[in-house]
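**Student:** Please find target30.cif (mmCIF, C-alpha atoms) on the next line:
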```
data_model
#
loop_
_atom_site.label_atom_id
_atom_site.label_comp_id
_atom_site.auth_asym_id
_atom_site.auth_seq_id
_atom_site.Cartn_x
_atom_site.Cartn_y
_atom_site.Cartn_z
CA MET A 1 64.77 -25.70 4.40
CA ARG A 2 61.20 -25.00 3.26
CA LEU A 3 60.05 -25.27 6.86
CA ILE A 4 62.70 -22.79 8.00
CA VAL A 5 61.85 -20.33 5.24
CA GLY A 6 58.14 -20.65 5.98
CA THR A 7 58.74 -20.05 9.69
CA LEU A 8 60.86 -17.00 8.97
CA LEU A 9 58.21 -15.58 6.67
CA LEU A 10 55.53 -16.13 9.32
CA LEU A 11 57.64 -14.46 11.99
CA SER A 12 58.33 -11.54 9.66
CA ALA A 13 54.62 -11.10 8.99
CA LEU A 14 53.83 -11.23 12.70
CA LEU A 15 56.54 -8.68 13.47
CA CYS A 16 55.23 -6.35 10.75
CA THR A 17 51.69 -6.65 12.08
CA THR A 18 52.87 -5.94 15.62
CA ALA A 19 54.85 -2.92 14.42
CA ALA A 20 51.84 -1.58 12.53
CA ALA A 21 49.64 -1.97 15.61
CA ALA A 22 52.23 -0.22 17.77
CA GLU A 23 52.14 2.82 15.51
CA ILE A 24 48.52 3.56 16.39
CA ALA A 25 48.27 5.93 19.35
CA HIS A 26 45.32 5.35 21.70
CA TYR A 27 43.56 8.01 23.73
CA SER A 28 40.73 8.54 26.14
CA TYR A 29 39.63 12.06 27.16
CA ARG A 30 38.80 14.55 29.86
CA VAL A 31 36.09 17.22 29.59
CA VAL A 32 37.42 20.72 30.23
CA ASP A 33 34.44 22.84 29.14
CA LYS A 34 31.00 22.61 27.60
CA LYS A 35 28.44 24.85 25.92
CA PRO A 36 24.70 24.27 25.62
CA GLN A 37 23.06 23.63 22.27
CA PRO A 38 19.41 23.15 21.25
CA THR A 39 18.29 19.54 21.61
CA ASP A 40 16.57 19.62 18.22
CA HIS A 41 19.93 19.88 16.44
CA TYR A 42 20.53 16.65 14.52
CA VAL A 43 24.19 17.53 14.03
CA GLN A 44 25.76 16.28 10.81
CA GLY A 45 28.52 18.83 10.31
CA LEU A 46 30.46 21.12 12.65
CA GLN A 47 33.22 23.69 12.17
CA ILE A 48 34.62 26.75 13.96
CA VAL A 49 35.96 29.52 11.70
CA ASP A 50 36.85 33.13 12.58
CA GLY A 51 34.87 33.10 15.80
CA TYR A 52 31.78 31.49 14.27
CA LEU A 53 30.38 28.01 14.81
CA TYR A 54 28.90 26.52 11.64
CA LYS A 55 26.42 23.65 11.87
CA SER A 56 24.78 21.44 9.31
CA LEU A 57 21.63 19.77 10.61
CA GLY A 58 19.98 16.73 9.09
CA LYS A 59 16.62 14.97 8.73
CA TYR A 60 14.11 15.51 5.97
CA GLY A 61 12.00 18.61 6.62
CA GLN A 62 14.35 19.73 9.43
CA SER A 63 17.69 20.22 7.66
CA ARG A 64 19.37 23.59 8.12
CA LEU A 65 22.65 25.42 7.74
CA LEU A 66 23.33 27.66 10.75
CA ARG A 67 26.06 30.05 11.88
CA TYR A 68 26.50 31.07 15.53
CA ASP A 69 28.74 33.46 17.39
CA PHE A 70 30.91 30.90 19.12
CA ASP A 71 31.60 32.97 22.25
CA ASP A 72 28.09 33.96 23.26
CA GLY A 73 26.09 31.31 21.38
CA SER A 74 23.84 33.78 19.57
CA LEU A 75 22.54 32.87 16.11
CA ASP A 76 24.17 35.02 13.44
CA THR A 77 22.35 33.69 10.38
CA GLY A 78 20.91 30.50 8.97
CA ILE A 79 18.84 28.93 6.23
CA ARG A 80 16.30 26.13 6.10
CA MET A 81 16.87 23.58 3.37
CA HIS A 82 14.26 22.23 0.98
CA PRO A 83 12.27 19.51 2.80
CA ARG A 84 13.42 16.89 0.29
CA LEU A 85 17.08 17.54 1.13
CA PHE A 86 18.87 15.84 4.03
CA GLY A 87 21.81 17.92 5.30
CA GLU A 88 25.12 16.20 6.04
CA GLY A 89 28.74 17.34 6.51
CA LEU A 90 29.99 20.88 5.91
CA THR A 91 33.21 22.80 5.51
CA VAL A 92 34.20 26.45 5.04
CA LEU A 93 36.85 27.11 2.42
CA GLY A 94 37.73 30.57 1.09
CA ASP A 95 34.60 32.61 0.50
CA ALA A 96 32.31 29.58 0.28
CA VAL A 97 30.51 27.17 2.56
CA TYR A 98 30.09 23.62 1.24
CA GLN A 99 27.35 21.32 2.49
CA LEU A 100 26.74 17.69 1.59
CA THR A 101 23.36 16.07 1.16
CA TRP A 102 22.78 12.45 2.07
CA LYS A 103 20.99 10.60 -0.74
CA ASN A 104 20.33 13.52 -3.07
CA ARG A 105 23.75 13.14 -4.73
CA ALA A 106 24.42 16.86 -4.46
CA LEU A 107 27.06 19.08 -2.85
CA LEU A 108 25.61 22.53 -2.15
CA VAL A 109 27.74 25.66 -2.31
CA TYR A 110 26.86 28.91 -0.49
CA ASN A 111 28.37 32.38 -0.33
CA ARG A 112 30.12 32.62 3.00
CA ASP A 113 29.08 36.19 3.83
CA ASP A 114 25.31 35.65 3.89
CA LEU A 115 24.84 31.90 3.22
CA SER A 116 23.04 32.67 -0.03
CA LYS A 117 23.00 29.86 -2.58
CA ARG A 118 25.79 29.91 -5.18
CA GLN A 119 25.77 26.59 -7.05
CA TRP A 120 25.83 22.83 -6.61
CA PHE A 121 27.93 19.88 -7.78
CA PRO A 122 26.74 16.32 -8.46
CA LEU A 123 28.04 13.47 -6.30
CA PRO A 124 28.51 9.90 -7.53
CA GLY A 125 26.88 8.52 -4.38
CA GLU A 126 25.85 9.45 -0.85
CA GLY A 127 27.36 12.32 1.12
CA TRP A 128 28.31 11.86 4.79
CA GLY A 129 31.23 13.81 6.26
CA LEU A 130 33.06 16.79 4.74
CA THR A 131 36.24 18.73 5.46
CA ASP A 132 39.08 20.35 3.49
CA ASN A 133 42.86 20.53 3.51
CA GLY A 134 42.99 24.16 2.40
CA ALA A 135 43.04 23.25 -1.27
CA GLN A 136 40.75 20.27 -1.76
CA LEU A 137 37.44 19.14 -0.33
CA ILE A 138 37.54 15.74 1.37
CA TYR A 139 34.33 13.80 1.88
CA SER A 140 33.10 10.41 3.05
CA ASP A 141 30.26 8.38 1.55
CA GLY A 142 29.36 5.96 4.32
CA SER A 143 32.11 3.48 3.47
CA HIS A 144 35.77 3.24 4.56
CA ARG A 145 36.85 5.57 1.73
CA LEU A 146 37.68 9.27 1.51
CA HIS A 147 37.25 11.23 -1.72
CA PHE A 148 39.28 14.32 -2.68
CA MET A 149 37.43 16.93 -4.75
CA ASN A 150 38.30 20.16 -6.55
CA PRO A 151 36.25 22.93 -4.85
CA GLU A 152 35.98 24.93 -8.08
CA THR A 153 34.84 22.17 -10.44
CA GLY A 154 33.42 19.47 -8.18
CA LEU A 155 35.62 16.87 -9.89
CA ILE A 156 37.08 14.06 -7.77
CA SER A 157 40.84 13.82 -8.18
CA HIS A 158 41.28 10.57 -6.27
CA SER A 159 39.82 8.32 -3.59
CA LEU A 160 41.60 6.78 -0.62
CA ALA A 161 40.87 3.54 1.23
CA VAL A 162 41.22 3.95 5.01
CA THR A 163 43.02 1.09 6.72
CA GLU A 164 43.72 0.13 10.31
CA ASP A 165 46.52 -2.30 11.12
CA GLY A 166 46.88 -2.82 7.38
CA ARG A 167 43.24 -3.88 6.86
CA PRO A 168 40.19 -1.93 5.64
CA LEU A 169 38.73 0.08 8.51
CA LYS A 170 35.78 -1.58 10.18
CA GLY A 171 32.89 0.85 10.39
CA ARG A 172 31.64 3.74 8.29
CA LEU A 173 33.35 7.12 8.23
CA ASN A 174 31.00 9.92 9.15
CA GLU A 175 31.64 13.57 10.16
CA LEU A 176 35.16 14.78 9.35
CA GLU A 177 37.57 17.50 10.50
CA TRP A 178 41.03 18.47 9.22
CA ILE A 179 43.35 18.94 12.22
CA ASP A 180 47.13 19.40 12.06
CA GLY A 181 47.50 17.75 8.67
CA LYS A 182 45.32 14.73 9.47
CA VAL A 183 41.69 13.79 8.86
CA TRP A 184 39.72 13.14 12.04
CA ALA A 185 36.57 11.06 11.56
CA ASN A 186 33.64 9.88 13.60
CA ILE A 187 32.86 6.19 13.15
CA MET A 188 29.11 5.82 12.64
CA LEU A 189 27.16 4.31 15.56
CA SER A 190 30.23 4.21 17.78
CA GLU A 191 31.89 6.31 20.46
CA ARG A 192 35.19 6.40 18.62
CA ILE A 193 37.08 8.94 16.55
CA VAL A 194 39.96 7.89 14.32
CA VAL A 195 42.81 10.02 13.02
CA ILE A 196 43.80 9.27 9.41
CA ASP A 197 46.95 9.97 7.44
CA PRO A 198 45.64 11.63 4.25
CA GLY A 199 48.55 10.31 2.21
CA SER A 200 48.49 6.62 3.08
CA GLY A 201 44.95 6.26 4.44
CA GLU A 202 46.32 4.51 7.53
CA VAL A 203 44.72 5.18 10.93
CA THR A 204 47.40 6.72 13.15
CA ALA A 205 45.34 7.28 16.32
CA SER A 206 42.13 6.07 17.93
CA ILE A 207 40.16 8.10 20.48
CA ASP A 208 37.68 6.35 22.79
CA LEU A 209 34.92 8.71 23.93
CA THR A 210 32.94 6.12 25.85
CA GLY A 211 30.92 7.78 28.61
CA LEU A 212 30.75 11.22 27.00
CA ARG A 213 27.30 10.67 25.49
CA PRO A 214 24.68 12.39 27.68
CA ARG A 215 22.36 10.08 29.59
CA GLU A 216 19.22 11.52 28.02
CA THR A 217 20.37 10.47 24.53
CA LEU A 218 20.75 6.78 25.37
CA LYS A 219 17.08 6.16 24.60
CA ASP A 220 17.65 6.48 20.86
CA ILE A 221 20.33 4.62 18.88
CA ASN A 222 20.49 7.53 16.41
CA MET A 223 21.55 10.07 19.05
CA VAL A 224 25.20 9.20 18.55
CA LEU A 225 28.49 11.03 18.64
CA ASN A 226 28.77 13.08 15.44
CA GLY A 227 30.61 16.37 15.33
CA ILE A 228 34.28 17.39 15.56
CA ALA A 229 35.55 20.97 15.47
CA GLN A 230 38.87 22.53 16.37
CA ASN A 231 38.86 26.19 17.39
CA PRO A 232 41.73 27.82 15.44
CA ALA A 233 41.91 30.61 18.01
CA ASP A 234 43.23 28.39 20.81
CA GLY A 235 43.44 24.86 19.41
CA GLY A 236 40.53 23.69 21.54
CA LEU A 237 38.92 20.42 20.45
CA TRP A 238 35.10 20.36 20.57
CA VAL A 239 32.81 17.39 19.98
CA THR A 240 29.08 16.77 20.07
CA GLY A 241 26.39 14.45 18.75
CA LYS A 242 22.94 14.20 17.25
CA PHE A 243 20.33 15.85 19.50
CA TRP A 244 22.90 16.28 22.26
CA PRO A 245 22.21 19.12 24.73
CA TRP A 246 25.90 20.01 24.94
CA ILE A 247 28.97 20.58 22.83
CA PHE A 248 32.00 19.46 24.84
CA ARG A 249 35.57 20.69 24.85
CA ILE A 250 37.86 17.76 25.51
CA GLU A 251 41.55 17.10 26.03
CA LEU A 252 43.09 13.82 24.92
CA VAL A 253 44.60 11.50 27.52
CA PRO A 254 46.96 8.68 26.42
CA SER A 255 45.50 5.27 27.16
CA VAL A 256 46.07 1.55 26.73
CA PRO A 257 43.89 -0.03 24.02
CA SER A 258 41.24 -2.53 25.10
CA PRO A 259 41.95 -6.16 24.12
CA PRO A 260 40.12 -7.38 20.99
#
```
Just dump the structure as structure tokens.
**Tutor:**
Amino acid sequence: MRLIVGTLLLLSALLCTTAAAAEIAHYSYRVVDKKPQPTDHYVQGLQIVDGYLYKSLGKYGQSRLLRYDFDDGSLDTGIRMHPRLFGEGLTVLGDAVYQLTWKNRALLVYNRDDLSKRQWFPLPGEGWGLTDNGAQLIYSDGSHRLHFMNPETGLISHSLAVTEDGRPLKGRLNELEWIDGKVWANIMLSERIVVIDPGSGEVTASIDLTGLRPRETLKDINMVLNGIAQNPADGGLWVTGKFWPWIFRIELVPSVPSPP
């Protein structure tokens, strides 16, 4: 009897694992458009809002917050950050632009109209990727966790562990984007984007962007995929990376996952 019960429990666990794996949608991509960008842009944050492309650039002494006209690529306005600050993810919410710093434990807040400084909030640790759900800021800290923050007070309401197939996600969450009620995230030092359910933390889709990285960036391990932006005007999905010469518009193509 014990053997039968044990076997049934094992089969149940295997069936549950298989069902969880089947729920993850897998995609590759096709490039449908691209726009040039300066090759000195160490992209850490990317967002398209009201016809403008916002960028947060990193590296000490080179970090900036920039806003471009998305159609013609002209620079609308921008600021250079203090050389001791390392820019990371950004998001635009209401009349403010929020920008993370890496190890400075600070979230910077700017007035949206002219990118003038407004205030800052302390962070409990590092800042990596940043997005929002229309009411809360959502940021990553280089782990497999997402943190939900009040944009008015800077207080964290809760944190969420991201899981894949029921286990903690392997890899570090980097640049984020809120798309159709889900959090999209770059996985640091990979060519993969994951789509995360913000309620459960479970990965619901995996996007393999192998081959998109421009040839000239292969010389440096740091020139990785990092930047996701959806254009609200037409739903177009744009991605780029650190020091990449292009920002690419892609369409997702259903695919079969590679064996482990």
**Student:** Hey, can you pull every residue with an atom no more than 8 Å from (27.9, 25.1, 6.9), using all atoms listed in the file, and send it as JSON, numbers by chain?
**Tutor:** {"A": [45, 46, 47, 54, 55, 56, 65, 66, 67, 89, 90, 91, 92, 97, 98, 99]}
**Student:** Pull out every residue that the PyMOL selection byres ((chain A and resi 236-253) around 10) matches in the shown coordinates and put them as an mmCIF file with C-alpha atoms, keeping the file's coordinate frame.
**Tutor:**
```
data_model
loop_
_atom_site.group_PDB
_atom_site.id
_atom_site.type_symbol
_atom_site.label_atom_id
_atom_site.label_comp_id
_atom_site.auth_asym_id
_atom_site.auth_seq_id
_atom_site.Cartn_x
_atom_site.Cartn_y
_atom_site.Cartn_z
ATOM 1 C CA HIS A 26 45.320 5.350 21.700
ATOM 2 C CA TYR A 27 43.560 8.010 23.730
ATOM 3 C CA SER A 28 40.730 8.540 26.140
ATOM 4 C CA TYR A 29 39.630 12.060 27.160
ATOM 5 C CA ARG A 30 38.800 14.550 29.860
ATOM 6 C CA VAL A 31 36.090 17.220 29.590
ATOM 7 C CA VAL A 32 37.420 20.720 30.230
ATOM 8 C CA ASP A 33 34.440 22.840 29.140
ATOM 9 C CA LYS A 34 31.000 22.610 27.600
ATOM 10 C CA LYS A 35 28.440 24.850 25.920
ATOM 11 C CA PRO A 36 24.700 24.270 25.620
ATOM 12 C CA GLN A 37 23.060 23.630 22.270
ATOM 13 C CA PRO A 38 19.410 23.150 21.250
ATOM 14 C CA THR A 39 18.290 19.540 21.610
ATOM 15 C CA ASP A 40 16.570 19.620 18.220
ATOM 16 C CA HIS A 41 19.930 19.880 16.440
ATOM 17 C CA TYR A 42 20.530 16.650 14.520
ATOM 18 C CA VAL A 43 24.190 17.530 14.030
ATOM 19 C CA GLN A 44 25.760 16.280 10.810
ATOM 20 C CA GLY A 45 28.520 18.830 10.310
ATOM 21 C CA LEU A 46 30.460 21.120 12.650
ATOM 22 C CA GLN A 47 33.220 23.690 12.170
ATOM 23 C CA ILE A 48 34.620 26.750 13.960
ATOM 24 C CA LEU A 57 21.630 19.770 10.610
ATOM 25 C CA GLY A 58 19.980 16.730 9.090
ATOM 26 C CA ILE A 179 43.350 18.940 12.220
ATOM 27 C CA ASN A 186 33.640 9.880 13.600
ATOM 28 C CA GLU A 191 31.890 6.310 20.460
ATOM 29 C CA ILE A 207 40.160 8.100 20.480
ATOM 30 C CA ASP A 208 37.680 6.350 22.790
ATOM 31 C CA LEU A 209 34.920 8.710 23.930
ATOM 32 C CA LEU A 212 30.750 11.220 27.000
ATOM 33 C CA ARG A 213 27.300 10.670 25.490
ATOM 34 C CA PRO A 214 24.680 12.390 27.680
ATOM 35 C CA ARG A 215 22.360 10.080 29.590
ATOM 36 C CA GLU A 216 19.220 11.520 28.020
ATOM 37 C CA THR A 217 20.370 10.470 24.530
ATOM 38 C CA ASP A 220 17.650 6.480 20.860
ATOM 39 C CA ASN A 222 20.490 7.530 16.410
ATOM 40 C CA MET A 223 21.550 10.070 19.050
ATOM 41 C CA VAL A 224 25.200 9.200 18.550
ATOM 42 C CA LEU A 225 28.490 11.030 18.640
ATOM 43 C CA ASN A 226 28.770 13.080 15.440
ATOM 44 C CA GLY A 227 30.610 16.370 15.330
ATOM 45 C CA ILE A 228 34.280 17.390 15.560
ATOM 46 C CA ALA A 229 35.550 20.970 15.470
ATOM 47 C CA GLN A 230 38.870 22.530 16.370
ATOM 48 C CA ASN A 231 38.860 26.190 17.390
ATOM 49 C CA PRO A 232 41.730 27.820 15.440
ATOM 50 C CA ALA A 233 41.910 30.610 18.010
ATOM 51 C CA ASP A 234 43.230 28.390 20.810
ATOM 52 C CA GLY A 235 43.440 24.860 19.410
ATOM 53 C CA PRO A 254 46.960 8.680 26.420
ATOM 54 C CA SER A 255 45.500 5.270 27.160
#
```
**Student:** Please evaluate the PyMOL selection byres ((chain A and resi 123) around 8) against the displayed coordinates and give the resulting residues as a PyMOL selection string.
**Tutor:** chain A and resi 105-107+121-122+124-127
**Student:** Go ahead and write the residues just picked, C-alpha atoms, as a PDB file, in the coordinates of the input.
**Tutor:**
```pdb
ATOM      1  CA  ARG A 105      23.750  13.140  -4.730  1.00  0.00           C
ATOM      2  CA  ALA A 106      24.420  16.860  -4.460  1.00  0.00           C
ATOM      3  CA  LEU A 107      27.060  19.080  -2.850  1.00  0.00           C
ATOM      4  CA  PHE A 121      27.930  19.880  -7.780  1.00  0.00           C
ATOM      5  CA  PRO A 122      26.740  16.320  -8.460  1.00  0.00           C
ATOM      6  CA  PRO A 124      28.510   9.900  -7.530  1.00  0.00           C
ATOM      7  CA  GLY A 125      26.880   8.520  -4.380  1.00  0.00           C
ATOM      8  CA  GLU A 126      25.850   9.450  -0.850  1.00  0.00           C
ATOM      9  CA  GLY A 127      27.360  12.320   1.120  1.00  0.00           C
TER      10      GLY A 127
END
```
**Student:** So, with only C-alpha atoms as the atoms that count, which of A:Thr101, A:Tyr68, A:Asn133, A:Ser200 lies closest to Asp180 in chain A?
**Tutor:**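 Among the listed residues, the smallest separation from Asp180 in chain A belongs to A:Asn133.
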**Student:** Translate the PyMOL selection byres ((chain A and resi 147-152) around 12) into a concrete residue list for this structure, as JSON, numbers by chain.
**Tutor:** {"A": [91, 92, 93, 94, 95, 96, 97, 98, 99, 107, 108, 109, 110, 118, 119, 120, 121, 122, 123, 124, 125, 126, 127, 128, 129, 130, 131, 132, 133, 134, 135, 136, 137, 138, 139, 140, 141, 142, 143, 144, 145, 146, 153, 154, 155, 156, 157, 158, 159, 160, 161, 162, 173, 176, 183, 198, 199, 201]}
**Student:** Which one is closest to Asp72 in chain A: A:Leu85, A:Leu53, A:Met188, A:Val194? Count all atoms listed in the file.
**Tutor:**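 Nearest candidate to Asp72 in chain A out of A:Leu85, A:Leu53, A:Met188, A:Val194: A:Leu53.
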**Student:** One number please: CA of Lys117 in chain A to CA of Trp102 in chain A, in Å, one decimal.
**Tutor:**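 The value is 18.0 Å.
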**Student:** Between CA of Asn104 in chain A and CA of Asn174 in chain A, what is the distance, to one decimal in Å?
**Tutor:**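 Calculated distance between CA of Asn104 in chain A and CA of Asn174 in chain A is 16.6 Å.
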**Student:** Work out how far CA of Lys59 in chain A is from CA of Asn111 in chain A, in Å to one decimal.
**Tutor:**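 Separation between CA of Asn111 in chain A and CA of Lys59 in chain A: 22.9 Å.
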**Student:** Between A:Glu23, A:Asp50, A:Asp76, A:Asp69, which is the closest to Asp197 in chain A once you count only C-alpha atoms?
**Tutor:**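 Using only C-alpha atoms, Asp197 in chain A sits closest to A:Glu23.
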**Student:** Build an axis-aligned box that encloses every atom of range 136-155 of chain A listed in the file, pad it by 4 Å on each side, and report its centre and edge lengths in Å to one decimal, as lines of an AutoDock Vina configuration file.
**Tutor:**
```
center_x = 35.1
center_y = 14.1
center_z = -2.9
size_x = 19.4
size_y = 29.7
size_z = 23.0
```
**Student:** Ranking A:Gly51, A:Gly61, A:Leu100, A:Ala25 by minimum distance to Ser74 in chain A and counting only C-alpha atoms, which one comes first?
**Tutor:** A:Gly51
**Student:** Taking the structure in the block just given, could you write range 34-105 of chain A with C-alpha atoms, as a PDB file, in the first residue's frame?
**Tutor:**
```pdb
ATOM      1  CA  LYS A  34      15.040  49.281 -36.838  1.00  0.00           C
ATOM      2  CA  LYS A  35      16.245  52.762 -35.924  1.00  0.00           C
ATOM      3  CA  PRO A  36      19.836  53.901 -35.405  1.00  0.00           C
ATOM      4  CA  GLN A  37      21.095  54.976 -32.009  1.00  0.00           C
ATOM      5  CA  PRO A  38      24.465  56.370 -30.848  1.00  0.00           C
ATOM      6  CA  THR A  39      26.942  53.615 -30.037  1.00  0.00           C
ATOM      7  CA  ASP A  40      27.996  55.354 -26.820  1.00  0.00           C
ATOM      8  CA  HIS A  41      24.585  54.681 -25.258  1.00  0.00           C
ATOM      9  CA  TYR A  42      25.039  52.188 -22.426  1.00  0.00           C
ATOM     10  CA  VAL A  43      21.294  51.561 -22.276  1.00  0.00           C
ATOM     11  CA  GLN A  44      19.906  50.727 -18.852  1.00  0.00           C
ATOM     12  CA  GLY A  45      16.323  51.925 -19.210  1.00  0.00           C
ATOM     13  CA  LEU A  46      13.994  52.433 -22.179  1.00  0.00           C
ATOM     14  CA  GLN A  47      10.410  53.638 -22.566  1.00  0.00           C
ATOM     15  CA  ILE A  48       8.189  55.196 -25.244  1.00  0.00           C
ATOM     16  CA  VAL A  49       5.565  57.663 -23.992  1.00  0.00           C
ATOM     17  CA  ASP A  50       3.463  60.169 -25.970  1.00  0.00           C
ATOM     18  CA  GLY A  51       5.737  60.060 -29.000  1.00  0.00           C
ATOM     19  CA  TYR A  52       8.958  60.388 -27.000  1.00  0.00           C
ATOM     20  CA  LEU A  53      11.672  57.810 -26.397  1.00  0.00           C
ATOM     21  CA  TYR A  54      13.148  58.035 -22.903  1.00  0.00           C
ATOM     22  CA  LYS A  55      16.560  56.522 -22.190  1.00  0.00           C
ATOM     23  CA  SER A  56      18.558  56.018 -19.035  1.00  0.00           C
ATOM     24  CA  LEU A  57      22.263  55.526 -19.712  1.00  0.00           C
ATOM     25  CA  GLY A  58      24.739  54.009 -17.287  1.00  0.00           C
ATOM     26  CA  LYS A  59      28.427  53.990 -16.355  1.00  0.00           C
ATOM     27  CA  TYR A  60      30.110  56.289 -13.874  1.00  0.00           C
ATOM     28  CA  GLY A  61      30.899  59.655 -15.445  1.00  0.00           C
ATOM     29  CA  GLN A  62      28.730  58.855 -18.485  1.00  0.00           C
ATOM     30  CA  SER A  63      25.246  58.383 -17.007  1.00  0.00           C
ATOM     31  CA  ARG A  64      22.466  60.471 -18.528  1.00  0.00           C
ATOM     32  CA  LEU A  65      18.712  60.786 -18.782  1.00  0.00           C
ATOM     33  CA  LEU A  66      17.637  61.591 -22.353  1.00  0.00           C
ATOM     34  CA  ARG A  67      14.379  62.200 -24.206  1.00  0.00           C
ATOM     35  CA  TYR A  68      14.099  61.870 -27.996  1.00  0.00           C
ATOM     36  CA  ASP A  69      11.388  62.479 -30.545  1.00  0.00           C
ATOM     37  CA  PHE A  70      10.667  58.880 -31.402  1.00  0.00           C
ATOM     38  CA  ASP A  71       9.671  59.496 -35.039  1.00  0.00           C
ATOM     39  CA  ASP A  72      12.618  61.530 -36.265  1.00  0.00           C
ATOM     40  CA  GLY A  73      15.210  60.599 -33.624  1.00  0.00           C
ATOM     41  CA  SER A  74      16.028  64.180 -32.655  1.00  0.00           C
ATOM     42  CA  LEU A  75      17.071  64.916 -29.074  1.00  0.00           C
ATOM     43  CA  ASP A  76      14.375  66.844 -27.231  1.00  0.00           C
ATOM     44  CA  THR A  77      16.110  67.314 -23.886  1.00  0.00           C
ATOM     45  CA  GLY A  78      18.474  65.559 -21.526  1.00  0.00           C
ATOM     46  CA  ILE A  79      20.578  65.833 -18.407  1.00  0.00           C
ATOM     47  CA  ARG A  80      23.971  64.511 -17.373  1.00  0.00           C
ATOM     48  CA  MET A  81      24.061  62.843 -13.987  1.00  0.00           C
ATOM     49  CA  HIS A  82      26.628  63.435 -11.254  1.00  0.00           C
ATOM     50  CA  PRO A  83      29.762  61.400 -12.100  1.00  0.00           C
ATOM     51  CA  ARG A  84      29.385  59.364  -8.912  1.00  0.00           C
ATOM     52  CA  LEU A  85      25.925  58.168  -9.961  1.00  0.00           C
ATOM     53  CA  PHE A  86      25.371  55.135 -12.194  1.00  0.00           C
ATOM     54  CA  GLY A  87      22.071  55.345 -14.090  1.00  0.00           C
ATOM     55  CA  GLU A  88      19.841  52.276 -14.290  1.00  0.00           C
ATOM     56  CA  GLY A  89      16.169  51.612 -15.140  1.00  0.00           C
ATOM     57  CA  LEU A  90      13.554  54.322 -15.704  1.00  0.00           C
ATOM     58  CA  THR A  91       9.821  54.750 -15.968  1.00  0.00           C
ATOM     59  CA  VAL A  92       7.426  57.629 -16.678  1.00  0.00           C
ATOM     60  CA  LEU A  93       4.383  57.830 -14.431  1.00  0.00           C
ATOM     61  CA  GLY A  94       2.038  60.824 -14.276  1.00  0.00           C
ATOM     62  CA  ASP A  95       3.999  64.065 -14.318  1.00  0.00           C
ATOM     63  CA  ALA A  96       7.241  62.463 -13.130  1.00  0.00           C
ATOM     64  CA  VAL A  97      10.147  60.487 -14.508  1.00  0.00           C
ATOM     65  CA  TYR A  98      11.731  57.970 -12.131  1.00  0.00           C
ATOM     66  CA  GLN A  99      15.301  56.765 -12.560  1.00  0.00           C
ATOM     67  CA  LEU A 100      17.152  54.134 -10.556  1.00  0.00           C
ATOM     68  CA  THR A 101      20.793  54.269  -9.597  1.00  0.00           C
ATOM     69  CA  TRP A 102      22.868  51.127  -9.310  1.00  0.00           C
ATOM     70  CA  LYS A 103      24.827  51.064  -6.040  1.00  0.00           C
ATOM     71  CA  ASN A 104      23.952  54.521  -4.743  1.00  0.00           C
ATOM     72  CA  ARG A 105      20.756  53.230  -3.091  1.00  0.00           C
TER      73      ARG A 105
END
```
